[in-house]
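> One structure is given below, represented as structure tokens, and several questions about it will come after.
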Amino acid sequence: MRPLAYVRPLDVREAVETIASTPNAKFLGGGTNLVDLIRRDVEHPDTVVDVTALPLNEVTELADGTLRVGALVRNSHLAAHPLVRTRCPMLTQAILAGASGQLRNMATMGGNLLQRTRCHYFYDTAAACNKREPGTGCAALTGFTRNHAILGTSEHCIATHPSDMSVALSALDATVEVESIRGRRRIPIADFHVPPGNTPQTETTLSHDELITAVEIPPLAVARNSRYRKVRDRASYAFALVSVAAALRVEDDRIAEVRLALGGVATRPWRATRAEAVLVNGPATEESFAAAAEAELVTAVPQADNGFKLELARRTIAATLRGLLPRSTA
Ligand code: SF4
């Protein structure tokens, strides 16, 4: 058993000063991922800085309509919030598609953004894993790859990003606010998660001493007509094989505005910008949806066991967009 120190600061300043002076410390929120990682010896901080007493647990509406979500807002609370349900239903649906009710009651906004891959080999400390131990290799590349990524992979890591919520936040152009002893900064969600490249152990642009304090979701009219569709091996408590977050506005049978992001297929929440470019200003037809999916998947690199994700992604993209058409019964 490894010794583990525990501290519980009462304000943000104290929290960021503590982490800045403690090199091998980790912030602890709901603990739904970090505690598992510590128990399984995948992560071994010397100190956990429990941030649950910080005043970061409110959802507020700013003057311009932006929703500001404190980093400690629980997933279940956010999913049920009336402004989220009406303004961006894809976010409610994405959260409710993740984990179980008990986990959503514990998991926080900030922690969900930082949850780590569920690659089996990452959790198996007897297996080679560049993400867990840089430079040791990747057991998945010669192993069972059914759940692994086809987009954004590298020769060093092919693990999928596990968060449903982050996929919706990607489509919604959210911004992550972080704080450290150096001050506050804002990171567009598109720049928050990074692909594995040569350094799969680095998953975000967050520094060790930075604390997520809030996520801001801009007021997007298109998001009122949005949906999160998740395909998985069982109806609940399973990670996505493919998921799609989409928002659509159609005028005179043409696509006036669209937001599209994918989960379950990529090494990070995957904003489908190629597909969006094909769709916008085009006809709202099955042919357009198919062409958009094709454009997005052109860079996909399937592994031995996950080639099925290509067709599944094509169909899920089309089904999700179809379901958002005016008067659709899909
Ligand atoms: Fe590790 Fe990534 Fe390979 Fe999984 S895919 S074993 S997380 S390096």
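If you're wondering about the labels, chains in the structure tokens are A, B, ... by order shown, residues count from 1 in each chain, ligands from 1 in order shown.
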So that each row is one residue of chain A with an atom at most 8 Å from ligand 1, can you give its shortest atom pair and the distance in Å to one decimal, using only C-alpha atoms and all ligand atoms, rows by chain and rising number, as JSON lines?


```
{"residue": "A:Thr117", "atom": "CA", "partner": "ligand 1", "partner_atom_place_in_ligand_line": "7 (S)", "distance": 6.6}
{"residue": "A:Arg118", "atom": "CA", "partner": "ligand 1", "partner_atom_place_in_ligand_line": "7 (S)", "distance": 7.7}
{"residue": "A:Cys119", "atom": "CA", "partner": "ligand 1", "partner_atom_place_in_ligand_line": "4 (Fe)", "distance": 4.7}
{"residue": "A:His120", "atom": "CA", "partner": "ligand 1", "partner_atom_place_in_ligand_line": "4 (Fe)", "distance": 6.7}
{"residue": "A:Tyr121", "atom": "CA", "partner": "ligand 1", "partner_atom_place_in_ligand_line": "6 (S)", "distance": 4.5}
{"residue": "A:Phe122", "atom": "CA", "partner": "ligand 1", "partner_atom_place_in_ligand_line": "7 (S)", "distance": 4.5}
{"residue": "A:Ala127", "atom": "CA", "partner": "ligand 1", "partner_atom_place_in_ligand_line": "6 (S)", "distance": 7.2}
{"residue": "A:Ala128", "atom": "CA", "partner": "ligand 1", "partner_atom_place_in_ligand_line": "6 (S)", "distance": 6.2}
{"residue": "A:Cys129", "atom": "CA", "partner": "ligand 1", "partner_atom_place_in_ligand_line": "1 (Fe)", "distance": 3.6}
{"residue": "A:Asn130", "atom": "CA", "partner": "ligand 1", "partner_atom_place_in_ligand_line": "8 (S)", "distance": 4.1}
{"residue": "A:Lys131", "atom": "CA", "partner": "ligand 1", "partner_atom_place_in_ligand_line": "8 (S)", "distance": 4.7}
{"residue": "A:Arg132", "atom": "CA", "partner": "ligand 1", "partner_atom_place_in_ligand_line": "1 (Fe)", "distance": 6.3}
{"residue": "A:Gly137", "atom": "CA", "partner": "ligand 1", "partner_atom_place_in_ligand_line": "8 (S)", "distance": 6.6}
{"residue": "A:Cys138", "atom": "CA", "partner": "ligand 1", "partner_atom_place_in_ligand_line": "3 (Fe)", "distance": 3.7}
{"residue": "A:Ala139", "atom": "CA", "partner": "ligand 1", "partner_atom_place_in_ligand_line": "6 (S)", "distance": 4.8}
{"residue": "A:Ala140", "atom": "CA", "partner": "ligand 1", "partner_atom_place_in_ligand_line": "6 (S)", "distance": 4.7}
{"residue": "A:Leu141", "atom": "CA", "partner": "ligand 1", "partner_atom_place_in_ligand_line": "3 (Fe)", "distance": 6.5}
{"residue": "A:His148", "atom": "CA", "partner": "ligand 1", "partner_atom_place_in_ligand_line": "5 (S)", "distance": 7.1}
{"residue": "A:His156", "atom": "CA", "partner": "ligand 1", "partner_atom_place_in_ligand_line": "8 (S)", "distance": 5.7}
{"residue": "A:Cys157", "atom": "CA", "partner": "ligand 1", "partner_atom_place_in_ligand_line": "2 (Fe)", "distance": 3.8}
{"residue": "A:Ile158", "atom": "CA", "partner": "ligand 1", "partner_atom_place_in_ligand_line": "5 (S)", "distance": 4.1}
{"residue": "A:Ala159", "atom": "CA", "partner": "ligand 1", "partner_atom_place_in_ligand_line": "5 (S)", "distance": 4.0}
{"residue": "A:Thr160", "atom": "CA", "partner": "ligand 1", "partner_atom_place_in_ligand_line": "5 (S)", "distance": 7.8}
{"residue": "A:Pro200", "atom": "CA", "partner": "ligand 1", "partner_atom_place_in_ligand_line": "8 (S)", "distance": 6.6}
```

> List the spatial neighbours of A:Leu297 as a list in words - criterion: any atom at most 12 Å away, only C-alpha atoms, same-chain residues fewer than 5 positions off excluded.

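So the residues in contact are Ala149, Ile150, Leu151, Gly152, Leu262, Val265, Ala266, Trp270, Arg271, Ala272, Thr273, Arg274, Ala275, Ala290, Ala291, Ala292, Pro302, Gly307, Lys309, Leu310, Glu311, Leu312, Ala313, Arg314 and Ile317 of chain A.
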
> I need the residues from that last selection saved to file as a short mmCIF file (atom, residue, chain, number, x, y, z; two decimals), in the first residue's frame (with N, CA, C and O atoms), if you can.


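Written file, part-v9.cif:
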```
data_model
loop_
_atom_site.label_atom_id
_atom_site.label_comp_id
_atom_site.auth_asym_id
_atom_site.auth_seq_id
_atom_site.Cartn_x
_atom_site.Cartn_y
_atom_site.Cartn_z
N ALA A 149 -9.99 3.49 -31.19
CA ALA A 149 -10.32 4.62 -32.06
C ALA A 149 -9.95 4.35 -33.52
O ALA A 149 -9.06 3.56 -33.82
N ILE A 150 -10.64 5.07 -34.40
CA ILE A 150 -10.29 5.05 -35.83
C ILE A 150 -9.91 6.45 -36.33
O ILE A 150 -9.46 6.60 -37.44
N LEU A 151 -10.12 7.45 -35.49
CA LEU A 151 -9.78 8.83 -35.86
C LEU A 151 -8.82 9.43 -34.82
O LEU A 151 -9.00 9.21 -33.61
N GLY A 152 -7.84 10.17 -35.32
CA GLY A 152 -6.94 10.88 -34.41
C GLY A 152 -5.92 9.99 -33.73
O GLY A 152 -5.30 10.39 -32.75
N LEU A 262 -18.39 13.76 -32.82
CA LEU A 262 -18.44 12.30 -32.70
C LEU A 262 -17.74 11.83 -31.42
O LEU A 262 -16.74 12.41 -30.99
N VAL A 265 -15.24 6.97 -31.40
CA VAL A 265 -14.45 6.62 -32.58
C VAL A 265 -13.09 7.33 -32.60
O VAL A 265 -12.27 7.04 -33.48
N ALA A 266 -12.86 8.23 -31.66
CA ALA A 266 -11.67 9.08 -31.77
C ALA A 266 -10.93 9.17 -30.44
O ALA A 266 -11.48 8.87 -29.37
N TRP A 270 -14.51 14.54 -30.90
CA TRP A 270 -14.15 14.80 -32.29
C TRP A 270 -15.16 15.73 -32.96
O TRP A 270 -16.24 15.31 -33.37
N ARG A 271 -14.80 17.00 -33.08
CA ARG A 271 -15.66 17.93 -33.81
C ARG A 271 -15.55 17.61 -35.30
O ARG A 271 -14.44 17.62 -35.86
N ALA A 272 -16.68 17.37 -35.92
CA ALA A 272 -16.70 16.89 -37.31
C ALA A 272 -16.75 18.07 -38.27
O ALA A 272 -17.75 18.30 -38.97
N THR A 273 -15.66 18.81 -38.34
CA THR A 273 -15.64 20.03 -39.15
C THR A 273 -15.72 19.75 -40.65
O THR A 273 -16.30 20.53 -41.41
N ARG A 274 -15.13 18.64 -41.10
CA ARG A 274 -15.22 18.30 -42.53
C ARG A 274 -16.67 18.02 -42.91
O ARG A 274 -17.14 18.46 -43.96
N ALA A 275 -17.36 17.30 -42.06
CA ALA A 275 -18.77 16.99 -42.35
C ALA A 275 -19.61 18.27 -42.32
O ALA A 275 -20.49 18.47 -43.18
N ALA A 290 -24.88 11.40 -46.21
CA ALA A 290 -23.91 10.35 -46.55
C ALA A 290 -22.59 10.97 -47.00
O ALA A 290 -21.51 10.51 -46.61
N ALA A 291 -22.68 12.04 -47.78
CA ALA A 291 -21.45 12.69 -48.26
C ALA A 291 -20.68 13.32 -47.09
O ALA A 291 -19.44 13.29 -47.06
N ALA A 292 -21.42 13.86 -46.14
CA ALA A 292 -20.78 14.48 -44.97
C ALA A 292 -20.05 13.42 -44.15
O ALA A 292 -18.90 13.62 -43.72
N PRO A 302 -8.86 2.26 -39.45
CA PRO A 302 -9.40 1.17 -38.64
C PRO A 302 -8.30 0.19 -38.23
O PRO A 302 -7.32 0.01 -38.94
N GLY A 307 -13.13 -2.22 -37.72
CA GLY A 307 -13.54 -1.68 -39.02
C GLY A 307 -15.04 -1.43 -39.10
O GLY A 307 -15.49 -0.56 -39.85
N LYS A 309 -16.78 0.15 -37.17
CA LYS A 309 -17.13 1.50 -36.72
C LYS A 309 -17.32 2.47 -37.89
O LYS A 309 -18.03 3.47 -37.75
N LEU A 310 -16.68 2.18 -39.01
CA LEU A 310 -16.85 3.06 -40.18
C LEU A 310 -18.32 3.08 -40.62
O LEU A 310 -18.93 4.14 -40.74
N GLU A 311 -18.89 1.91 -40.85
CA GLU A 311 -20.28 1.85 -41.30
C GLU A 311 -21.23 2.29 -40.19
O GLU A 311 -22.23 2.98 -40.44
N LEU A 312 -20.89 1.92 -38.97
CA LEU A 312 -21.74 2.33 -37.84
C LEU A 312 -21.74 3.86 -37.70
O LEU A 312 -22.79 4.47 -37.43
N ALA A 313 -20.59 4.47 -37.90
CA ALA A 313 -20.52 5.94 -37.83
C ALA A 313 -21.32 6.57 -38.97
O ALA A 313 -22.06 7.54 -38.75
N ARG A 314 -21.18 6.05 -40.17
CA ARG A 314 -21.96 6.59 -41.31
C ARG A 314 -23.45 6.56 -40.97
O ARG A 314 -24.17 7.54 -41.15
N ILE A 317 -24.45 8.95 -37.96
CA ILE A 317 -24.46 10.36 -38.38
C ILE A 317 -25.74 10.65 -39.15
O ILE A 317 -26.46 11.61 -38.86
#
```

> Which of stretch 82-293 of chain A end up as strand (DSSP E or B) when DSSP is run on this backbone - answer as number ranges by chain?

A: 108, 129, 138, 151, 154, 157, 175-180, 183-188, 193, 204, 211-217, 226-231, 242-251, 254-263, 266, 270-271, 283

> Calculated over only C-alpha atoms, which of the candidates A:Gln303, A:Gln115, A:Gln102, A:Thr47 has the smallest distance to A:Phe144?

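For A:Phe144, the nearest of the given residues is A:Gln303.
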
> Enumerate, as a ChimeraX atom specification, the complete set of residues in stretch 111-320 of chain A that a backbone-based DSSP assignment places in alpha helix (DSSP H).

/A:111-114,120-123,165-171,273-279,286-296,308-320

> Could you write out the selected residues, including C-alpha atoms, as a PDB file, in the first residue's frame?


```pdb
ATOM      1  CA  GLY A 111     -13.872  15.626 -13.625  1.00  0.00           C
ATOM      2  CA  ASN A 112     -15.891  14.477 -16.614  1.00  0.00           C
ATOM      3  CA  LEU A 113     -13.669  16.574 -18.902  1.00  0.00           C
ATOM      4  CA  LEU A 114     -10.600  14.901 -17.424  1.00  0.00           C
ATOM      5  CA  HIS A 120      -8.316  -2.316 -21.159  1.00  0.00           C
ATOM      6  CA  TYR A 121      -4.529  -2.349 -21.522  1.00  0.00           C
ATOM      7  CA  PHE A 122      -4.249   1.043 -19.831  1.00  0.00           C
ATOM      8  CA  TYR A 123      -5.798  -0.459 -16.675  1.00  0.00           C
ATOM      9  CA  MET A 165     -20.548  14.983 -22.164  1.00  0.00           C
ATOM     10  CA  SER A 166     -17.365  16.317 -23.775  1.00  0.00           C
ATOM     11  CA  VAL A 167     -18.653  15.341 -27.220  1.00  0.00           C
ATOM     12  CA  ALA A 168     -21.740  17.504 -26.707  1.00  0.00           C
ATOM     13  CA  LEU A 169     -19.614  20.347 -25.299  1.00  0.00           C
ATOM     14  CA  SER A 170     -17.459  20.133 -28.420  1.00  0.00           C
ATOM     15  CA  ALA A 171     -20.493  20.566 -30.671  1.00  0.00           C
ATOM     16  CA  THR A 273     -15.641  20.035 -39.152  1.00  0.00           C
ATOM     17  CA  ARG A 274     -15.219  18.299 -42.526  1.00  0.00           C
ATOM     18  CA  ALA A 275     -18.774  16.994 -42.347  1.00  0.00           C
ATOM     19  CA  GLU A 276     -20.100  20.384 -41.266  1.00  0.00           C
ATOM     20  CA  ALA A 277     -18.412  22.016 -44.271  1.00  0.00           C
ATOM     21  CA  VAL A 278     -20.112  19.558 -46.626  1.00  0.00           C
ATOM     22  CA  LEU A 279     -23.516  20.047 -45.020  1.00  0.00           C
ATOM     23  CA  GLU A 286     -29.884  11.627 -47.268  1.00  0.00           C
ATOM     24  CA  GLU A 287     -27.284  12.129 -50.004  1.00  0.00           C
ATOM     25  CA  SER A 288     -25.871  15.148 -48.153  1.00  0.00           C
ATOM     26  CA  PHE A 289     -25.745  13.248 -44.871  1.00  0.00           C
ATOM     27  CA  ALA A 290     -23.914  10.353 -46.554  1.00  0.00           C
ATOM     28  CA  ALA A 291     -21.446  12.695 -48.262  1.00  0.00           C
ATOM     29  CA  ALA A 292     -20.776  14.477 -44.967  1.00  0.00           C
ATOM     30  CA  ALA A 293     -20.072  11.220 -43.144  1.00  0.00           C
ATOM     31  CA  GLU A 294     -17.782  10.119 -45.954  1.00  0.00           C
ATOM     32  CA  ALA A 295     -15.852  13.397 -45.793  1.00  0.00           C
ATOM     33  CA  GLU A 296     -15.386  13.124 -42.046  1.00  0.00           C
ATOM     34  CA  PHE A 308     -17.274  -1.968 -38.283  1.00  0.00           C
ATOM     35  CA  LYS A 309     -17.125   1.499 -36.717  1.00  0.00           C
ATOM     36  CA  LEU A 310     -16.853   3.058 -40.178  1.00  0.00           C
ATOM     37  CA  GLU A 311     -20.277   1.847 -41.295  1.00  0.00           C
ATOM     38  CA  LEU A 312     -21.736   2.332 -37.835  1.00  0.00           C
ATOM     39  CA  ALA A 313     -20.522   5.942 -37.828  1.00  0.00           C
ATOM     40  CA  ARG A 314     -21.962   6.587 -41.310  1.00  0.00           C
ATOM     41  CA  ARG A 315     -25.344   5.261 -40.251  1.00  0.00           C
ATOM     42  CA  THR A 316     -25.382   6.982 -36.869  1.00  0.00           C
ATOM     43  CA  ILE A 317     -24.461  10.358 -38.375  1.00  0.00           C
ATOM     44  CA  ALA A 318     -27.251  10.039 -40.943  1.00  0.00           C
ATOM     45  CA  ALA A 319     -29.815   8.806 -38.399  1.00  0.00           C
ATOM     46  CA  THR A 320     -29.032  11.611 -35.963  1.00  0.00           C
TER      47      THR A 320
END
```

> What is the atom CA of A:Val301-atom CA of A:Arg146 distance in Å, reported with one decimal?

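The value is 13.0 Å.
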
> Quick one: pull the distance between atom CA of A:Glu61 and atom CA of A:Pro269, Å, one decimal.

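Between atom CA of A:Glu61 and atom CA of A:Pro269 the gap is 25.2 Å.
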
> Sort by chain and increasing residue number a table of all residues of stretch 42-145 of chain A within 10 Å of stretch 246-254 of chain A, each with its closest pair of atoms and their distance in Å to one decimal, counting only C-alpha atoms, and write it as JSON lines.


```
{"residue": "A:Cys88", "atom": "CA", "partner": "A:Ala247", "partner_atom": "CA", "distance": 8.7}
{"residue": "A:Pro89", "atom": "CA", "partner": "A:Ala247", "partner_atom": "CA", "distance": 9.5}
{"residue": "A:Met90", "atom": "CA", "partner": "A:Ala246", "partner_atom": "CA", "distance": 7.3}
```

> When you look at stretch 186-193 of chain A with a cut-off of 7 Å (counting only C-alpha atoms), what residues show up, excluding the ones that are within fewer than 4 positions of it in the same chain? I need them as an MDAnalysis selection string.

chainID A and resid 170 173:178 203:205 268

> Filtering to all heavy atoms, could you give me those residues as an mmCIF file, in the first residue's frame?


```
data_model
loop_
_atom_site.group_PDB
_atom_site.id
_atom_site.type_symbol
_atom_site.label_atom_id
_atom_site.label_comp_id
_atom_site.auth_asym_id
_atom_site.auth_seq_id
_atom_site.Cartn_x
_atom_site.Cartn_y
_atom_site.Cartn_z
ATOM 1 N N SER A 170 -18.209 19.818 -27.207
ATOM 2 C CA SER A 170 -17.459 20.133 -28.420
ATOM 3 C C SER A 170 -18.393 20.709 -29.486
ATOM 4 O O SER A 170 -18.084 21.731 -30.114
ATOM 5 C CB SER A 170 -16.763 18.859 -28.914
ATOM 6 O OG SER A 170 -16.186 19.057 -30.174
ATOM 7 N N ASP A 173 -19.423 24.369 -28.780
ATOM 8 C CA ASP A 173 -18.387 25.419 -28.713
ATOM 9 C C ASP A 173 -18.181 25.955 -27.298
ATOM 10 O O ASP A 173 -18.037 27.174 -27.086
ATOM 11 C CB ASP A 173 -18.737 26.596 -29.649
ATOM 12 C CG ASP A 173 -18.572 26.242 -31.107
ATOM 13 O OD1 ASP A 173 -17.681 25.438 -31.419
ATOM 14 O OD2 ASP A 173 -19.348 26.765 -31.929
ATOM 15 N N ALA A 174 -18.146 25.069 -26.336
ATOM 16 C CA ALA A 174 -17.955 25.485 -24.944
ATOM 17 C C ALA A 174 -16.536 26.023 -24.725
ATOM 18 O O ALA A 174 -15.633 25.785 -25.542
ATOM 19 C CB ALA A 174 -18.214 24.305 -24.015
ATOM 20 N N THR A 175 -16.371 26.732 -23.638
ATOM 21 C CA THR A 175 -15.059 27.244 -23.229
ATOM 22 C C THR A 175 -14.775 26.785 -21.801
ATOM 23 O O THR A 175 -15.663 26.833 -20.941
ATOM 24 C CB THR A 175 -15.038 28.783 -23.270
ATOM 25 O OG1 THR A 175 -15.284 29.205 -24.615
ATOM 26 C CG2 THR A 175 -13.701 29.340 -22.812
ATOM 27 N N VAL A 176 -13.549 26.329 -21.561
ATOM 28 C CA VAL A 176 -13.158 25.853 -20.237
ATOM 29 C C VAL A 176 -12.358 26.961 -19.546
ATOM 30 O O VAL A 176 -11.388 27.470 -20.102
ATOM 31 C CB VAL A 176 -12.300 24.570 -20.341
ATOM 32 C CG1 VAL A 176 -11.971 24.030 -18.951
ATOM 33 C CG2 VAL A 176 -13.016 23.505 -21.175
ATOM 34 N N GLU A 177 -12.797 27.311 -18.342
ATOM 35 C CA GLU A 177 -12.070 28.332 -17.571
ATOM 36 C C GLU A 177 -11.214 27.629 -16.532
ATOM 37 O O GLU A 177 -11.703 26.747 -15.817
ATOM 38 C CB GLU A 177 -13.066 29.264 -16.890
ATOM 39 C CG GLU A 177 -12.397 30.379 -16.105
ATOM 40 C CD GLU A 177 -13.418 31.133 -15.279
ATOM 41 O OE1 GLU A 177 -14.048 32.054 -15.817
ATOM 42 O OE2 GLU A 177 -13.593 30.789 -14.100
ATOM 43 N N VAL A 178 -9.932 28.011 -16.457
ATOM 44 C CA VAL A 178 -9.032 27.372 -15.495
ATOM 45 C C VAL A 178 -8.297 28.442 -14.702
ATOM 46 O O VAL A 178 -8.145 29.584 -15.149
ATOM 47 C CB VAL A 178 -8.019 26.432 -16.197
ATOM 48 C CG1 VAL A 178 -8.734 25.410 -17.067
ATOM 49 C CG2 VAL A 178 -7.011 27.198 -17.024
ATOM 50 N N GLU A 203 -3.019 14.426 -22.303
ATOM 51 C CA GLU A 203 -4.366 14.326 -22.879
ATOM 52 C C GLU A 203 -5.052 15.671 -23.033
ATOM 53 O O GLU A 203 -6.056 15.785 -23.752
ATOM 54 C CB GLU A 203 -5.213 13.392 -22.010
ATOM 55 C CG GLU A 203 -4.674 11.967 -22.060
ATOM 56 C CD GLU A 203 -5.247 11.053 -20.998
ATOM 57 O OE1 GLU A 203 -6.034 11.523 -20.150
ATOM 58 O OE2 GLU A 203 -4.897 9.870 -21.022
ATOM 59 N N THR A 204 -4.555 16.682 -22.337
ATOM 60 C CA THR A 204 -5.167 18.011 -22.422
ATOM 61 C C THR A 204 -4.085 19.080 -22.413
ATOM 62 O O THR A 204 -2.905 18.779 -22.173
ATOM 63 C CB THR A 204 -6.098 18.288 -21.214
ATOM 64 O OG1 THR A 204 -5.281 18.452 -20.042
ATOM 65 C CG2 THR A 204 -7.089 17.166 -20.994
ATOM 66 N N THR A 205 -4.496 20.310 -22.633
ATOM 67 C CA THR A 205 -3.558 21.440 -22.564
ATOM 68 C C THR A 205 -3.523 22.065 -21.165
ATOM 69 O O THR A 205 -2.961 23.138 -20.980
ATOM 70 C CB THR A 205 -3.940 22.508 -23.602
ATOM 71 O OG1 THR A 205 -5.336 22.806 -23.478
ATOM 72 C CG2 THR A 205 -3.656 22.040 -25.009
ATOM 73 N N ARG A 268 -10.013 11.797 -29.018
ATOM 74 C CA ARG A 268 -10.496 12.936 -28.237
ATOM 75 C C ARG A 268 -11.908 13.247 -28.734
ATOM 76 O O ARG A 268 -12.306 12.757 -29.800
ATOM 77 C CB ARG A 268 -9.586 14.149 -28.406
ATOM 78 C CG ARG A 268 -9.454 14.626 -29.830
ATOM 79 C CD ARG A 268 -8.670 15.918 -29.881
ATOM 80 N NE ARG A 268 -8.372 16.323 -31.233
ATOM 81 C CZ ARG A 268 -7.962 17.542 -31.553
ATOM 82 N NH1 ARG A 268 -7.809 18.461 -30.621
ATOM 83 N NH2 ARG A 268 -7.694 17.847 -32.805
#
```

> Go through A:Asn306, A:Asn281, A:Asn147, A:Ser180 one by one, measure the shortest atom-to-atom distance of each to A:Ala20 using only C-alpha atoms, and give the residue with the smallest value.

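Checking each candidate against A:Ala20, we get A:Ser180 as the closest.
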
> Counting only C-alpha atoms, what is within 7 Å of A:Ala240, bar same-chain residues fewer than 3 positions away, as a PDB file with all heavy atoms, in the first residue's frame?


```
ATOM      1  N   LYS A 230     -26.282   7.637 -29.047  1.00  0.00           N
ATOM      2  CA  LYS A 230     -25.157   6.799 -28.618  1.00  0.00           C
ATOM      3  C   LYS A 230     -25.455   5.341 -28.939  1.00  0.00           C
ATOM      4  O   LYS A 230     -26.489   4.816 -28.537  1.00  0.00           O
ATOM      5  CB  LYS A 230     -24.940   6.974 -27.110  1.00  0.00           C
ATOM      6  CG  LYS A 230     -23.827   6.132 -26.509  1.00  0.00           C
ATOM      7  CD  LYS A 230     -23.624   6.499 -25.040  1.00  0.00           C
ATOM      8  CE  LYS A 230     -22.555   5.639 -24.389  1.00  0.00           C
ATOM      9  NZ  LYS A 230     -22.317   6.032 -22.978  1.00  0.00           N
ATOM     10  N   VAL A 231     -24.527   4.702 -29.633  1.00  0.00           N
ATOM     11  CA  VAL A 231     -24.664   3.279 -29.953  1.00  0.00           C
ATOM     12  C   VAL A 231     -23.644   2.520 -29.110  1.00  0.00           C
ATOM     13  O   VAL A 231     -22.460   2.850 -29.113  1.00  0.00           O
ATOM     14  CB  VAL A 231     -24.400   3.010 -31.452  1.00  0.00           C
ATOM     15  CG1 VAL A 231     -24.587   1.528 -31.760  1.00  0.00           C
ATOM     16  CG2 VAL A 231     -25.314   3.859 -32.317  1.00  0.00           C
ATOM     17  N   ARG A 232     -24.110   1.500 -28.402  1.00  0.00           N
ATOM     18  CA  ARG A 232     -23.226   0.766 -27.484  1.00  0.00           C
ATOM     19  C   ARG A 232     -23.685  -0.679 -27.378  1.00  0.00           C
ATOM     20  O   ARG A 232     -24.727  -1.044 -27.900  1.00  0.00           O
ATOM     21  CB  ARG A 232     -23.221   1.449 -26.116  1.00  0.00           C
ATOM     22  CG  ARG A 232     -24.625   1.759 -25.625  1.00  0.00           C
ATOM     23  CD  ARG A 232     -24.619   2.623 -24.397  1.00  0.00           C
ATOM     24  NE  ARG A 232     -25.875   3.355 -24.249  1.00  0.00           N
ATOM     25  CZ  ARG A 232     -26.210   4.031 -23.177  1.00  0.00           C
ATOM     26  NH1 ARG A 232     -25.415   4.086 -22.154  1.00  0.00           N
ATOM     27  NH2 ARG A 232     -27.348   4.674 -23.118  1.00  0.00           N
ATOM     28  N   SER A 243     -20.873   7.549 -31.107  1.00  0.00           N
ATOM     29  CA  SER A 243     -21.917   8.481 -30.674  1.00  0.00           C
ATOM     30  C   SER A 243     -21.838   9.732 -31.543  1.00  0.00           C
ATOM     31  O   SER A 243     -20.785  10.052 -32.110  1.00  0.00           O
ATOM     32  CB  SER A 243     -21.779   8.831 -29.195  1.00  0.00           C
ATOM     33  OG  SER A 243     -20.618   9.597 -28.974  1.00  0.00           O
ATOM     34  N   GLY A 263     -18.261  10.742 -30.862  1.00  0.00           N
ATOM     35  CA  GLY A 263     -17.626  10.075 -29.724  1.00  0.00           C
ATOM     36  C   GLY A 263     -17.479   8.594 -30.018  1.00  0.00           C
ATOM     37  O   GLY A 263     -18.096   8.062 -30.943  1.00  0.00           O
ATOM     38  N   GLY A 264     -16.646   7.921 -29.239  1.00  0.00           N
ATOM     39  CA  GLY A 264     -16.487   6.471 -29.379  1.00  0.00           C
ATOM     40  C   GLY A 264     -15.602   6.042 -30.532  1.00  0.00           C
ATOM     41  O   GLY A 264     -15.256   4.860 -30.639  1.00  0.00           O
TER      42      GLY A 264
END
```

> Could you please determine the separation between atom CA of A:His161 and atom CA of A:Arg185 in Å, to one decimal place?

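Between atom CA of A:His161 and atom CA of A:Arg185 the gap is 23.8 Å.
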
> For the contact check between stretch 53-148 of chain A and stretch 24-43 of chain A, emit one row per residue of stretch 53-148 of chain A within 6 Å, containing the shortest atom pair and the distance in Å rounded to one decimal, counting only C-alpha atoms, chain then rising number order, as JSON lines.


```
{"residue": "A:Met106", "atom": "CA", "partner": "A:Gly30", "partner_atom": "CA", "distance": 5.0}
{"residue": "A:Ala107", "atom": "CA", "partner": "A:Gly30", "partner_atom": "CA", "distance": 4.8}
{"residue": "A:Thr108", "atom": "CA", "partner": "A:Gly30", "partner_atom": "CA", "distance": 5.9}
```

> Kindly save the residues from that selection, with all heavy atoms included, as an mmCIF file, in the first residue's frame.


```cif
data_model
loop_
_atom_site.group_PDB
_atom_site.id
_atom_site.type_symbol
_atom_site.label_atom_id
_atom_site.label_comp_id
_atom_site.auth_asym_id
_atom_site.auth_seq_id
_atom_site.Cartn_x
_atom_site.Cartn_y
_atom_site.Cartn_z
ATOM 1 N N MET A 106 -22.415 11.642 -8.474
ATOM 2 C CA MET A 106 -21.107 11.974 -7.895
ATOM 3 C C MET A 106 -20.224 12.750 -8.873
ATOM 4 O O MET A 106 -19.500 13.655 -8.480
ATOM 5 C CB MET A 106 -20.369 10.689 -7.498
ATOM 6 C CG MET A 106 -20.927 9.980 -6.289
ATOM 7 S SD MET A 106 -20.858 11.003 -4.805
ATOM 8 C CE MET A 106 -19.076 11.105 -4.552
ATOM 9 N N ALA A 107 -20.275 12.385 -10.148
ATOM 10 C CA ALA A 107 -19.329 12.936 -11.127
ATOM 11 C C ALA A 107 -19.563 14.427 -11.347
ATOM 12 O O ALA A 107 -20.702 14.899 -11.371
ATOM 13 C CB ALA A 107 -19.469 12.186 -12.447
ATOM 14 N N THR A 108 -18.472 15.149 -11.528
ATOM 15 C CA THR A 108 -18.551 16.598 -11.682
ATOM 16 C C THR A 108 -18.241 17.025 -13.123
ATOM 17 O O THR A 108 -17.654 16.260 -13.905
ATOM 18 C CB THR A 108 -17.525 17.284 -10.764
ATOM 19 O OG1 THR A 108 -16.212 16.882 -11.175
ATOM 20 C CG2 THR A 108 -17.755 16.913 -9.302
#
```

> Between A:Ala245, A:Ile181, A:Val51, A:Thr66, which one has atoms that come closest to A:Gly323, using only C-alpha atoms?

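Nearest candidate to A:Gly323 out of A:Ala245, A:Ile181, A:Val51, A:Thr66: A:Ala245.
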
> Got a sec: who's within 12 Å of A:Leu62, counting only C-alpha atoms, leaving out chain neighbours fewer than 5 positions off, as JSON, numbers by chain?

{"A": [67, 68, 69, 216, 217, 218, 219]}

> List as a ChimeraX atom specification the protein and nucleic acid residues near A:Asn57, meaning an atom at most 7 Å away when only C-alpha atoms are counted, but skip any in the same chain fewer than 4 places from it.

/A:70-73
